[in-house]
Every structure is written in C-alpha cells, then in structure tokens.
file upload.csv (CSV, C-alpha atoms)
chain,number,residue,atom,x,y,z
A,46,MET,CA,0.0,0.0,0.0
A,47,SER,CA,1.6,3.3,-1.0
A,48,ASN,CA,-1.2,5.5,0.5
A,49,LEU,CA,0.2,7.2,3.5
A,50,GLN,CA,-2.2,8.0,6.3
A,51,VAL,CA,-1.6,11.6,7.5
A,52,SER,CA,-3.3,13.3,10.4
A,53,VAL,CA,-2.8,17.0,10.4
A,54,TYR,CA,-3.7,19.7,13.0
A,55,ARG,CA,-6.3,22.2,11.6
A,56,TYR,CA,-7.4,25.4,13.2
A,57,ASN,CA,-8.8,28.5,11.7
A,58,PRO,CA,-9.8,30.9,14.5
A,59,GLU,CA,-12.2,32.7,12.2
A,60,THR,CA,-14.3,29.7,11.5
A,61,ASP,CA,-13.4,26.9,13.9
A,62,SER,CA,-14.5,27.0,17.6
A,63,ALA,CA,-11.7,24.5,18.5
A,64,PRO,CA,-8.7,22.8,16.8
A,65,TYR,CA,-9.3,19.4,15.2
A,66,MET,CA,-7.2,16.7,13.4
A,67,GLN,CA,-7.9,16.2,9.7
A,68,GLU,CA,-7.2,12.9,8.0
A,69,PHE,CA,-5.5,12.7,4.6
A,70,GLN,CA,-4.6,9.8,2.3
A,71,VAL,CA,-1.5,10.7,0.4
A,72,ASP,CA,-0.2,8.7,-2.5
A,73,THR,CA,3.6,8.7,-2.1
A,74,LYS,CA,4.0,6.3,-5.1
A,75,GLY,CA,6.4,4.4,-2.8
A,76,ARG,CA,9.0,7.1,-2.7
A,77,ASP,CA,10.7,8.2,0.5
A,78,LEU,CA,9.5,11.8,0.2
A,79,MET,CA,10.4,14.6,2.6
A,80,VAL,CA,7.6,15.6,5.0
A,81,LEU,CA,7.3,19.0,3.3
A,82,ASP,CA,6.6,17.2,-0.1
A,83,VAL,CA,3.8,15.4,1.6
A,84,LEU,CA,2.4,18.7,2.9
A,85,HIS,CA,2.4,20.0,-0.7
A,86,LEU,CA,0.5,16.9,-1.9
A,87,MET,CA,-2.0,17.5,0.9
A,88,LYS,CA,-2.3,21.1,-0.1
A,89,GLU,CA,-3.3,19.9,-3.6
A,90,GLN,CA,-6.2,18.1,-2.0
A,91,ASP,CA,-7.1,20.9,0.3
A,92,SER,CA,-5.8,24.3,-0.7
A,93,GLY,CA,-6.9,25.8,2.6
A,94,LEU,CA,-4.1,24.0,4.5
A,95,ALA,CA,-1.7,26.6,5.9
A,96,PHE,CA,2.0,26.0,6.7
A,97,ARG,CA,5.2,28.0,6.4
A,98,ARG,CA,8.0,27.0,4.1
A,99,SER,CA,10.6,28.8,2.0
A,100,CYS,CA,14.0,27.4,1.0
A,101,ARG,CA,12.9,23.7,1.2
A,102,GLU,CA,16.5,22.7,2.0
A,103,GLY,CA,17.0,23.2,5.8
A,104,VAL,CA,18.5,26.7,5.6
A,105,CYS,CA,15.7,29.2,6.3
A,106,GLY,CA,14.1,27.4,9.3
A,107,SER,CA,10.5,28.2,8.3
A,108,ASP,CA,9.0,24.8,8.4
A,109,GLY,CA,9.8,23.7,11.9
A,110,MET,CA,6.9,21.5,13.1
A,111,ASN,CA,6.0,18.5,15.2
A,112,MET,CA,6.2,15.3,13.2
A,113,ASN,CA,5.0,12.1,15.0
A,114,GLY,CA,5.8,13.8,18.3
A,115,LYS,CA,9.2,15.1,17.5
A,116,ASN,CA,10.1,18.6,16.4
A,117,GLY,CA,12.1,19.0,13.2
A,118,LEU,CA,12.3,20.7,9.8
A,119,ALA,CA,9.7,19.1,7.4
A,120,CYS,CA,11.9,19.9,4.4
A,121,ILE,CA,14.9,17.8,5.5
A,122,THR,CA,13.0,15.0,7.3
A,123,PRO,CA,12.4,12.0,5.1
A,124,LEU,CA,9.3,9.9,5.8
A,125,SER,CA,11.5,6.9,6.6
A,126,ASP,CA,12.8,8.8,9.6
A,127,VAL,CA,9.4,9.6,11.2
A,128,VAL,CA,6.6,7.4,9.9
A,129,LYS,CA,5.6,4.5,12.0
A,130,GLY,CA,3.0,1.9,10.8
A,131,ASN,CA,2.2,4.0,7.7
A,132,LYS,CA,0.9,6.8,9.9
A,133,LEU,CA,2.1,10.4,10.1
A,134,THR,CA,0.8,13.0,12.6
A,135,LEU,CA,1.7,16.6,12.0
A,136,ARG,CA,1.2,19.3,14.6
A,137,PRO,CA,2.4,22.9,14.9
A,138,LEU,CA,5.4,23.6,17.1
A,139,PRO,CA,4.2,23.0,20.7
A,140,GLY,CA,3.8,25.8,23.2
A,141,LEU,CA,3.4,28.8,20.9
A,142,PRO,CA,0.0,30.3,20.0
A,143,VAL,CA,-1.5,29.0,16.8
A,144,ILE,CA,-2.3,31.6,14.1
A,145,ARG,CA,-3.8,29.0,11.7
A,146,ASP,CA,-3.2,25.3,11.1
A,147,MET,CA,0.6,24.7,11.2
A,148,VAL,CA,1.4,28.4,11.5
A,149,VAL,CA,2.4,29.6,15.0
A,150,ASP,CA,3.0,33.1,16.4
A,151,MET,CA,6.8,33.2,17.0
A,152,GLY,CA,6.6,36.6,18.9
A,153,LEU,CA,7.7,35.3,22.3
A,154,PHE,CA,10.5,33.3,20.7
A,155,TYR,CA,11.9,36.4,18.9
A,156,LYS,CA,11.4,38.5,22.0
A,157,GLN,CA,13.7,36.2,24.0
A,158,TYR,CA,16.2,36.3,21.1
A,159,GLU,CA,16.1,40.1,21.1
A,160,ARG,CA,16.6,40.1,24.9
A,161,ILE,CA,20.1,38.6,24.7
A,162,GLN,CA,21.2,41.4,22.4
A,163,PRO,CA,22.3,39.2,19.4
A,164,TYR,CA,24.8,41.5,18.0
A,165,LEU,CA,28.5,42.3,18.6
A,166,GLN,CA,29.1,45.0,21.2
A,167,ASN,CA,32.6,46.6,21.4
A,168,ASP,CA,33.4,49.8,23.1
A,169,GLU,CA,37.0,50.0,21.9
A,170,PRO,CA,37.8,52.3,18.9
A,171,ALA,CA,37.4,50.5,15.6
A,172,PRO,CA,40.8,49.5,14.1
A,173,ALA,CA,41.7,50.7,10.6
A,174,ILE,CA,40.9,47.4,8.9
A,175,GLU,CA,38.9,44.9,11.0
A,176,ARG,CA,38.8,43.3,14.5
A,177,LEU,CA,41.1,40.3,14.2
A,178,GLN,CA,40.8,36.9,15.9
A,179,SER,CA,43.2,34.0,16.1
A,180,PRO,CA,42.0,30.8,14.4
A,181,GLU,CA,41.7,29.3,18.0
A,182,GLU,CA,39.4,32.2,19.0
A,183,ARG,CA,37.4,31.8,15.9
A,184,ASP,CA,37.0,28.0,16.6
A,185,LYS,CA,35.1,28.8,19.8
A,186,LEU,CA,32.2,30.1,17.6
A,187,ASP,CA,31.8,26.8,15.8
A,188,GLY,CA,28.6,25.0,16.8
A,189,LEU,CA,27.1,28.4,17.9
A,190,TYR,CA,26.7,30.6,14.9
A,191,GLU,CA,25.0,28.0,12.7
A,192,CYS,CA,21.6,28.3,14.4
A,193,ILE,CA,18.9,29.2,12.0
A,194,LEU,CA,16.3,30.2,14.6
A,195,CYS,CA,13.7,27.5,13.5
A,196,ALA,CA,12.5,27.3,17.1
A,197,CYS,CA,12.5,23.5,17.1
A,198,CYS,CA,14.6,23.4,20.3
A,199,SER,CA,12.8,26.1,22.4
A,200,THR,CA,9.4,24.7,21.5
A,201,SER,CA,10.4,21.2,22.7
A,202,CYS,CA,11.6,22.5,26.0
A,203,PRO,CA,9.1,22.3,28.9
A,204,SER,CA,10.9,25.1,30.8
A,205,PHE,CA,10.1,27.3,27.7
A,206,TRP,CA,6.5,26.1,27.6
A,207,TRP,CA,5.8,27.1,31.2
A,208,ASN,CA,7.8,30.3,31.3
A,209,PRO,CA,8.3,31.6,27.7
A,210,ASP,CA,8.2,35.2,29.0
A,211,LYS,CA,11.1,34.7,31.5
A,212,PHE,CA,13.2,31.7,30.4
A,213,VAL,CA,15.3,32.7,27.3
A,214,GLY,CA,15.1,29.2,25.9
A,215,PRO,CA,17.8,27.0,24.3
A,216,ALA,CA,17.9,29.0,21.0
A,217,GLY,CA,18.3,32.3,22.6
A,218,LEU,CA,20.9,31.0,25.1
A,219,LEU,CA,22.9,29.3,22.3
A,220,GLN,CA,23.1,32.8,20.7
A,221,SER,CA,23.8,34.4,24.0
A,222,TYR,CA,26.9,32.2,24.4
A,223,ARG,CA,27.9,32.8,20.8
A,224,PHE,CA,28.5,36.5,21.9
A,225,LEU,CA,29.8,35.7,25.3
A,226,ALA,CA,32.4,33.4,23.7
A,227,ASP,CA,33.4,36.0,21.0
A,228,THR,CA,36.7,37.6,21.9
A,229,ARG,CA,35.7,40.7,19.9
A,230,ASP,CA,32.7,41.4,22.2
A,231,THR,CA,33.4,43.6,25.2
A,232,ALA,CA,29.9,43.5,26.8
A,233,THR,CA,30.5,40.2,28.6
A,234,ARG,CA,29.9,41.5,32.1
A,235,GLU,CA,26.6,43.2,31.1
A,236,ARG,CA,25.5,40.1,29.3
A,237,LEU,CA,26.2,37.9,32.3
A,238,THR,CA,24.5,40.3,34.8
A,239,SER,CA,21.3,40.1,32.8
A,240,LEU,CA,21.3,36.3,33.0
A,241,GLU,CA,21.9,35.6,36.7
A,242,ASP,CA,18.2,35.6,37.8
A,243,PRO,CA,16.5,32.3,38.5
A,244,PHE,CA,14.7,32.2,35.2
A,245,SER,CA,16.7,33.4,32.2
A,246,VAL,CA,19.3,30.7,32.2
A,247,PHE,CA,18.8,28.7,35.4
A,248,ARG,CA,15.3,27.5,34.5
A,249,CYS,CA,17.1,25.0,32.2
A,250,ARG,CA,16.9,21.6,33.9
A,251,GLY,CA,19.3,19.9,31.4
A,252,ILE,CA,16.8,17.4,30.0
A,253,MET,CA,18.5,18.0,26.5
A,254,ASN,CA,15.3,17.9,24.4
A,255,CYS,CA,16.9,20.8,22.5
A,256,VAL,CA,19.9,18.7,21.6
A,257,ALA,CA,17.7,15.8,20.5
A,258,VAL,CA,15.7,17.8,18.1
A,259,CYS,CA,18.1,20.4,16.6
A,260,PRO,CA,18.0,19.9,12.8
A,261,LYS,CA,21.5,21.5,12.6
A,262,GLY,CA,23.0,19.1,15.2
A,263,LEU,CA,23.8,21.9,17.6
A,264,ASN,CA,24.1,21.5,21.4
A,265,PRO,CA,22.3,24.3,23.3
A,266,THR,CA,22.7,22.4,26.6
A,267,ARG,CA,26.5,22.6,26.4
A,268,ALA,CA,26.3,26.3,25.7
A,269,ILE,CA,24.0,26.8,28.7
A,270,GLY,CA,26.6,24.9,30.8
A,271,LYS,CA,29.3,27.2,29.5
A,272,ILE,CA,27.2,30.3,30.5
A,273,ARG,CA,26.7,28.8,34.0
A,274,GLU,CA,30.5,28.3,34.2
A,275,MET,CA,31.1,31.9,33.2
A,276,LEU,CA,28.5,33.2,35.7
A,277,LEU,CA,30.1,31.1,38.4
A,278,ALA,CA,33.6,32.3,37.5
A,279,ASP,CA,32.5,35.9,37.5
A,280,ALA,CA,30.6,35.8,40.8
A,281,THR,CA,32.8,33.8,43.1
B,881,MET,CA,15.5,42.0,34.2
B,882,VAL,CA,13.5,39.1,35.7
B,883,THR,CA,13.0,39.6,39.4
B,884,ASN,CA,12.0,37.3,42.2
B,885,ILE,CA,11.4,37.6,46.0
B,886,THR,CA,10.4,34.1,47.2
B,887,SER,CA,13.3,32.1,45.7
B,888,PHE,CA,15.9,30.9,48.2
B,889,GLY,CA,18.9,33.1,47.4
B,890,ARG,CA,17.1,35.8,45.2
B,891,SER,CA,19.6,34.8,42.5
B,892,GLY,CA,19.5,32.0,40.0
B,893,LEU,CA,23.2,31.6,40.2
B,894,SER,CA,23.4,31.2,44.0
B,895,ASP,CA,20.3,29.0,44.0
B,896,TRP,CA,21.9,26.8,41.4
B,897,LEU,CA,25.2,26.5,43.3
B,898,MET,CA,23.3,25.8,46.6
B,899,GLN,CA,21.2,23.1,44.9
B,900,ARG,CA,24.4,21.3,43.7
B,901,VAL,CA,26.4,21.7,46.9
B,902,SER,CA,23.4,20.5,49.1
B,903,ALA,CA,22.9,17.6,46.7
B,904,VAL,CA,26.5,16.4,47.3
B,905,ILE,CA,26.1,16.8,51.1
B,906,LEU,CA,22.8,14.8,51.0
B,907,ALA,CA,24.4,12.1,48.9
B,908,VAL,CA,27.3,11.7,51.3
B,909,TYR,CA,25.0,11.7,54.3
B,910,THR,CA,22.7,9.1,52.6
B,911,VAL,CA,25.6,6.8,51.7
B,912,PHE,CA,27.0,7.1,55.3
B,913,ILE,CA,23.6,6.2,57.0
B,914,VAL,CA,23.0,3.3,54.6
B,915,ALA,CA,26.5,2.0,55.1
B,916,TYR,CA,26.2,2.3,58.9
B,917,LEU,CA,22.9,0.4,58.9
B,918,LEU,CA,24.4,-2.3,56.6
B,919,LEU,CA,27.5,-2.7,58.7
B,920,ASN,CA,25.5,-2.9,62.0
B,921,PRO,CA,22.8,-5.5,61.3
B,922,ASN,CA,22.1,-6.0,65.0
B,923,LEU,CA,21.7,-2.3,65.7
B,924,ASP,CA,20.1,-1.5,69.1
B,925,TYR,CA,18.9,1.7,70.7
B,926,TYR,CA,22.1,2.3,72.6
B,927,ALA,CA,24.4,2.1,69.6
B,928,TRP,CA,22.1,4.3,67.5
B,929,SER,CA,21.8,6.8,70.4
B,930,GLY,CA,25.5,6.6,70.9
B,931,LEU,CA,26.1,7.6,67.3
B,932,PHE,CA,24.0,10.7,67.6
B,933,ASP,CA,25.5,11.6,71.0
B,934,GLN,CA,28.8,12.5,69.2
B,935,THR,CA,29.3,16.1,68.3
B,936,TRP,CA,30.6,15.3,64.7
B,937,MET,CA,27.5,13.3,64.0
B,938,ARG,CA,25.2,16.1,65.2
B,939,ILE,CA,27.1,18.6,63.0
B,940,PHE,CA,27.0,16.2,60.1
B,941,SER,CA,23.2,15.6,60.6
B,942,LEU,CA,22.5,19.3,61.1
B,943,LEU,CA,24.4,20.0,57.9
B,944,ALA,CA,22.3,17.4,56.1
B,945,PHE,CA,19.1,19.0,57.6
B,946,VAL,CA,20.1,22.5,56.5
B,947,SER,CA,21.0,21.1,53.0
B,948,ILE,CA,17.6,19.3,52.6
B,949,ALA,CA,15.8,22.5,53.7
B,950,ALA,CA,17.7,24.6,51.1
B,951,HIS,CA,17.4,21.9,48.5
B,952,ALA,CA,13.6,21.5,49.0
B,953,TRP,CA,13.1,25.3,49.0
B,954,ILE,CA,14.9,25.8,45.7
B,955,GLY,CA,13.4,22.7,44.1
B,956,LEU,CA,9.8,23.2,45.2
B,957,TRP,CA,10.0,27.0,44.4
B,958,THR,CA,10.9,26.0,40.9
B,959,VAL,CA,8.0,23.6,40.7
B,960,THR,CA,5.5,26.2,41.9
B,961,THR,CA,6.8,28.8,39.4
B,962,ASP,CA,6.4,26.2,36.6
B,963,TYR,CA,3.0,24.9,37.3
B,964,LEU,CA,1.0,27.3,39.5
B,965,LYS,CA,0.0,30.2,37.3
B,966,SER,CA,-2.5,31.9,39.7
B,967,THR,CA,-0.5,34.3,41.8
B,968,ARG,CA,-2.6,33.8,44.9
B,969,LEU,CA,-2.2,30.0,44.7
B,970,ARG,CA,1.5,30.2,44.0
B,971,VAL,CA,2.3,32.6,46.8
B,972,GLY,CA,0.1,30.5,49.1
B,973,ALA,CA,1.9,27.3,48.2
B,974,GLN,CA,5.3,28.9,48.5
B,975,THR,CA,4.5,30.3,51.9
B,976,LEU,CA,3.2,26.9,53.1
B,977,ILE,CA,6.3,25.2,51.8
B,978,ILE,CA,8.7,27.6,53.4
B,979,LEU,CA,6.8,27.4,56.7
B,980,ALA,CA,6.9,23.6,56.6
B,981,ILE,CA,10.6,23.6,55.9
B,982,PHE,CA,11.2,25.9,58.8
B,983,VAL,CA,9.1,23.7,61.2
B,984,TYR,CA,10.9,20.6,60.1
B,985,LEU,CA,14.3,22.2,60.5
B,986,VAL,CA,13.6,23.4,64.0
B,987,TRP,CA,12.1,20.0,64.9
B,988,GLY,CA,15.1,18.3,63.5
B,989,ILE,CA,17.4,20.5,65.7
B,990,GLN,CA,15.3,19.7,68.7
B,991,ILE,CA,15.6,15.9,68.0
B,992,LEU,CA,19.3,16.1,67.6
B,993,TRP,CA,20.0,18.0,70.8
B,994,GLY,CA,17.0,17.2,72.8
B,995,ALA,CA,17.5,13.6,73.7

call {"tool": "encode", "arguments": {"input": "upload.csv", "output": "structure tokens"}}
result
Amino acid sequence: MSNLQVSVYRYNPETDSAPYMQEFQVDTKGRDLMVLDVLHLMKEQDSGLAFRRSCREGVCGSDGMNMNGKNGLACITPLSDVVKGNKLTLRPLPGLPVIRDMVVDMGLFYKQYERIQPYLQNDEPAPAIERLQSPEERDKLDGLYECILCACCSTSCPSFWWNPDKFVGPAGLLQSYRFLADTRDTATRERLTSLEDPFSVFRCRGIMNCVAVCPKGLNPTRAIGKIREMLLADAT
Amino acid sequence: MVTNITSFGRSGLSDWLMQRVSAVILAVYTVFIVAYLLLNPNLDYYAWSGLFDQTWMRIFSLLAFVSIAAHAWIGLWTVTTDYLKSTRLRVGAQTLIILAIFVYLVWGIQILWGA
C-alpha cells in the first residue's frame, strides 16, 4: 500500500471553535519523500491548509513542526525517519499560540532572542581594517553561529513552555553564548549580569530535548553549561 | 530583568550552586547512613543513640538537615513557578512550603540536641 495515512492539525480561529485533526490519504508512489513534499501533496487536496516554508533545504528554518511527536524541519525530514506503521501525525510547534493550522506566532520566541542582544558590542575604537581573531578564538564560535532560529529546540523545552516570558530558551541561550564566547565582544559583564536571575538561564533543567531535536545538530545544553560556568567564575 | 522575591537566594546563580552543593552533602549523608545500617545489622537503641551523641554526627546531621531545607526550598520553588499560574495559589503554596521547611528544620534540631 503506497497510500500514507496523514493526520494534520487544523485550526482556523475565524471559522473553527476548536482545533481538530484532519485525516488525509497521500499517495507517495512508494517514494521516500520529505515531509514537506507530503504537505504540498495534501495542499493539492485541500488548498486551505496553511503552513510556512521557504527554502525547502533546511537553511531558512521556516517549516519547523512536530512530526509524529518530534520537532524538526519538514523539508529535510524523510518519511523513513518519522513514519511508524504507515501513519504520520503533523502538529504545529508546541507551546506557541497557533495563528492558523501549522502556522504559529513566534513573537515570544523572537522577544527572548532580542533580549540577549544578538549583535556584537565593542566599546573600543574600531581598528583601521577589522577586528582580528586568532584561528583558535574563531574556533570557539563553531557550533554556535550555525543556528537558523527555527525554534524546534525552544518549543520542545518544557521550561520554555511554562515560562516563555522569562526563560530565554535554548535557541536564545545558544546565541547568547555565541556572543559571550566571542573575543571581539566587550559587553561580557553586562550580558552575564542580565542572565543571573532564577529564570533566564537557570530554568534549564538539562533534559536535553533541545539537543535531541536540533536539525543542525547543535548543542544548546552545552552552551548553557558554559554560560553557567562563566557566571560562576564571574561571581565567586 | 527578571525579578523574584520568594526564591531561596534571590539569584538563580546562588540557588543553582546551593542546589548542587546541598545535593552532594545529602548524597554523602545518605551513603553514610545506609553503610552504617548495613555494617551494623544488630543495631540496638544504645548504639544508635551513641552515634547521635557524638558532636561530629550532630554537626553532620544538622548540615544534612540544612541542606535538605535549602534543596527543598529551591526545588519546590521551581515547581511552583512552573505549574502554578495563579499568583494567589503560587504565593500561598510557596508560603506553606517555606513554613513547613522551617518547622521541620527546628524540629530536627530539637531531636538532635533534645535527647
């Protein structure tokens, strides 16, 4: 049987009183499609189905969603990775308000990102050419700068579900450490001071859901550990 | 800036450090008590009472009691801020927890030095 049974989350706040799951039969013709391809085949059946997508190659981070219970990017997730028993259940990223169907309001996620001041701050006079780093100093940024802000990690984190207004979340903290670890940034003390409360960093309980789902294979938990080490070194 | 007034140390960093240090103390105390019980299968009242008559054991026990008080305060404060969204309910639960911890701590001190 090449017909895949897909169950997808539908909610249009203008017409539906409550969200519901809609069943689709998708003919994959036996191919191991990406989940995004399946969504497009479903959109051919029901053009009202709303989801975000853009680059379709895991670079833009638009199509983060929950596939058979696990967050990931639909465009780079093959069916063979997620489908069990010929069934696929698609839901929007958990914990964020749903605008329509698979489209969520990322406002809180971006607000936490903004809070960690994701830009280089340097109060020294700019040199004539550029601010240089040694190859070793540059190496510290590997595994940090690659984040595409798809929100798969933060929306799989219970600490972010319960306190999205106070806990920065794994994505924001990975970026926070990206600037804390940057030798060209001189705002380290200010950055650390804004993170020492019980929520911003310390609400992380280290369950590593973020590491398990990151489509880029990054490790926010390790970055959070490094931030804690820096806070401890600075305050003791 | 995120603020807080009912957390143990008023700072995430100090709470985090306290949580880890108290965990180590509690682990050592637990291992000690379990080992003592295993090594003394025919334990009677006099041996048990004799153990707690010694100053070092009282200091060790008090350290463990203070650790469990801090550990419970920090841990349960976290649970209440995660799951209790109504301010009245949350502050009420936090007050009850902190009062209970205080009562148990004083009671523990009384048991250690009272007998």

call {"tool": "closest_residue", "arguments": {"input": "upload.csv", "among": "A:Leu94, A:Ile161, A:Leu118, A:Leu263", "to": "chain B", "atoms": "all atoms listed in the file"}}
result
A:Ile161

call {"tool": "residues_near_point", "arguments": {"input": "upload.csv", "point": "(14.9, 19.4, 55.2)", "cutoff": "9 Å", "atoms": "all atoms listed in the file", "output": "list in words"}}
result
Ala944, Phe945, Val946, Ser947, Ile948, Ala949, Ala950, His951, Ala952, Trp953, Ile981, Phe982, Tyr984, Leu985 and Gly988 of chain B

call {"tool": "write_last_selection", "arguments": {"input": "upload.csv", "atoms": "C-alpha atoms", "output": "CSV table (one decimal), keeping the file's coordinate frame"}}
result
chain,number,residue,atom,x,y,z
B,944,ALA,CA,22.3,17.4,56.1
B,945,PHE,CA,19.1,19.0,57.6
B,946,VAL,CA,20.1,22.5,56.5
B,947,SER,CA,21.0,21.1,53.0
B,948,ILE,CA,17.6,19.3,52.6
B,949,ALA,CA,15.8,22.5,53.7
B,950,ALA,CA,17.7,24.6,51.1
B,951,HIS,CA,17.4,21.9,48.5
B,952,ALA,CA,13.6,21.5,49.0
B,953,TRP,CA,13.1,25.3,49.0
B,981,ILE,CA,10.6,23.6,55.9
B,982,PHE,CA,11.2,25.9,58.8
B,984,TYR,CA,10.9,20.6,60.1
B,985,LEU,CA,14.3,22.2,60.5
B,988,GLY,CA,15.1,18.3,63.5

call {"tool": "atom_distance", "arguments": {"input": "upload.csv", "atom1": "atom CA of Leu141 of chain A", "atom2": "atom CA of Phe244 of chain A"}}
result
18.5 Å

call {"tool": "interface_residues", "arguments": {"input": "upload.csv", "of": "chain A", "to": "chain B", "cutoff": "7 Å", "atoms": "all atoms listed in the file", "output": "list in words"}}
result
Trp207, Asn208, Lys211, Ser239, Glu241, Asp242, Pro243, Phe244 and Phe247 of chain A

call {"tool": "atom_distance", "arguments": {"input": "upload.csv", "atom1": "atom CA of Leu186 of chain A", "atom2": "atom CA of Asp227 of chain A"}}
result
6.9 Å

call {"tool": "closest_residue", "arguments": {"input": "upload.csv", "among": "A:Val71, A:Ala257, A:Leu133, A:Val128", "to": "Gln90 of chain A", "atoms": "only C-alpha atoms"}}
result
A:Val71

call {"tool": "closest_residue", "arguments": {"input": "upload.csv", "among": "A:Lys132, A:Arg236, A:Lys74, A:Lys271", "to": "Ser52 of chain A", "atoms": "only C-alpha atoms"}}
result
A:Lys132

call {"tool": "closest_residue", "arguments": {"input": "upload.csv", "among": "A:Cys120, A:Leu277, A:Met87, A:Leu218", "to": "Met898 of chain B", "atoms": "all atoms listed in the file"}}
result
A:Leu277

call {"tool": "residues_around", "arguments": {"input": "upload.csv", "residues": "Thr122 of chain A", "least_positions_apart": "2", "cutoff": "6 Å", "atoms": "all atoms listed in the file", "output": "PyMOL selection string"}}
result
chain A and resi 79-80+119-120

call {"tool": "write_last_selection", "arguments": {"input": "upload.csv", "atoms": "C-alpha atoms", "output": "tab-separated table (two decimals), keeping the file's coordinate frame"}}
result
chain	number	residue	atom	x	y	z
A	79	MET	CA	10.40	14.60	2.60
A	80	VAL	CA	7.60	15.60	5.00
A	119	ALA	CA	9.70	19.10	7.40
A	120	CYS	CA	11.90	19.90	4.40

call {"tool": "atom_distance", "arguments": {"input": "upload.csv", "atom1": "atom CA of Leu240 of chain A", "atom2": "atom CA of Gln166 of chain A"}}
result
16.6 Å

call {"tool": "residues_near_point", "arguments": {"input": "upload.csv", "point": "(9.4, 25.1, 19.9)", "cutoff": "8 Å", "atoms": "all atoms listed in the file", "output": "number ranges by chain"}}
result
A: 116, 138-141, 196-202

call {"tool": "closest_residue", "arguments": {"input": "upload.csv", "among": "A:Leu49, A:Leu194, A:Val246, A:Met147", "to": "Ala95 of chain A", "atoms": "all atoms listed in the file"}}
result
A:Met147

call {"tool": "closest_residue", "arguments": {"input": "upload.csv", "among": "A:Pro64, A:Gly130, A:Pro215, A:Pro260", "to": "Ile272 of chain A", "atoms": "all atoms listed in the file"}}
result
A:Pro215

call {"tool": "residues_around", "arguments": {"input": "upload.csv", "residues": "Ser929 of chain B", "least_positions_apart": "6", "cutoff": "12 Å", "atoms": "all atoms listed in the file", "output": "list of chain:residue names"}}
result
B:Leu923, B:Met937, B:Arg938, B:Ile991, B:Leu992, B:Trp993, B:Gly994, B:Ala995
